[in-house]
Amino acid sequence: MPHAASTDRERLASVARDAINGKSANGKSANGNTNGAGNGASEEDRQSWRRRVMHAFEWFAGHATRGAGSPIAFASAVGVVLLWAVTGPMFDYSETWQLVINTATTIITFVMVFLIQQTQNKDSLAVHLKLNELLASHRHASSRLVSIEDLDEEDLKKLAAFYRQLSELAERESDIEETHGLEEALQTHVAKQEARHDLEEEVAAELESKERRRRDDA
């Protein structure tokens, strides 16, 4: 019986893996098409081709963006502009002479906009994932802040107002190094106030007790 149960679990796990891969238990595709294997291979080829194209584009965009921000690229751009300005008298500052630099700069700017935007999108996504990992792994951090960039402007304004209140609380406490999570912030502040109040009561009771003993001794 234990062997049969183990076999059933293995069979179910195999079916689940096949379902994830888009296949049924009898080797056909999930939609029952008899040529599912061929369609699956074709789909995998398309996905592989798409990944290669995206990888190549990301590689080119990253290198082009880093190269455009290098000192060599800046010096080259300045050199081209100076060369264009020097050749002005040779062409009598004609419209063609002006059109050359205008067309070149327009094309370069147009192409670089997309390359820079792609690089920024990738870097921004990577930064958000790293921050999400930190928020998810830290037990004192608020999980509500994970993927906060997907919230609308009104929700972000509410969170900003909440943290302004925390800043005001910290200023009143004169504790610049104190930080709180979103759920625990107010609770922590109330707990600290209660602890401070209890401490004051204990100190007052201790002073009163000492004063009472001093009077009894006298």
# chains A, B, ... in the order shown; residues from 1 in each chain; ligands from 1
call {"tool": "residues_around", "arguments": {"residues": "segment 59-66 of chain A", "least_positions_apart": "6", "cutoff": "8 Å", "atoms": "only C-alpha atoms", "output": "PDB file with C-alpha atoms, in the first residue's frame"}}
result
ATOM      1  CA  MET A 112      19.123  57.209 -28.621  1.00  0.00           C
ATOM      2  CA  LEU A 115      17.975  52.901 -26.432  1.00  0.00           C
ATOM      3  CA  ILE A 116      18.202  54.997 -23.279  1.00  0.00           C
ATOM      4  CA  GLN A 118      15.093  50.543 -22.727  1.00  0.00           C
ATOM      5  CA  THR A 119      18.152  50.680 -20.492  1.00  0.00           C
TER       6      THR A 119
END
call {"tool": "select_by_dssp", "arguments": {"residues": "segment 38-202 of chain A", "states": "helix (DSSP H, G or I)", "output": "PyMOL selection string"}}
result
chain A and resi 38-68+71-86+89-91+95-137+143-145+148-150+153-173+185-202
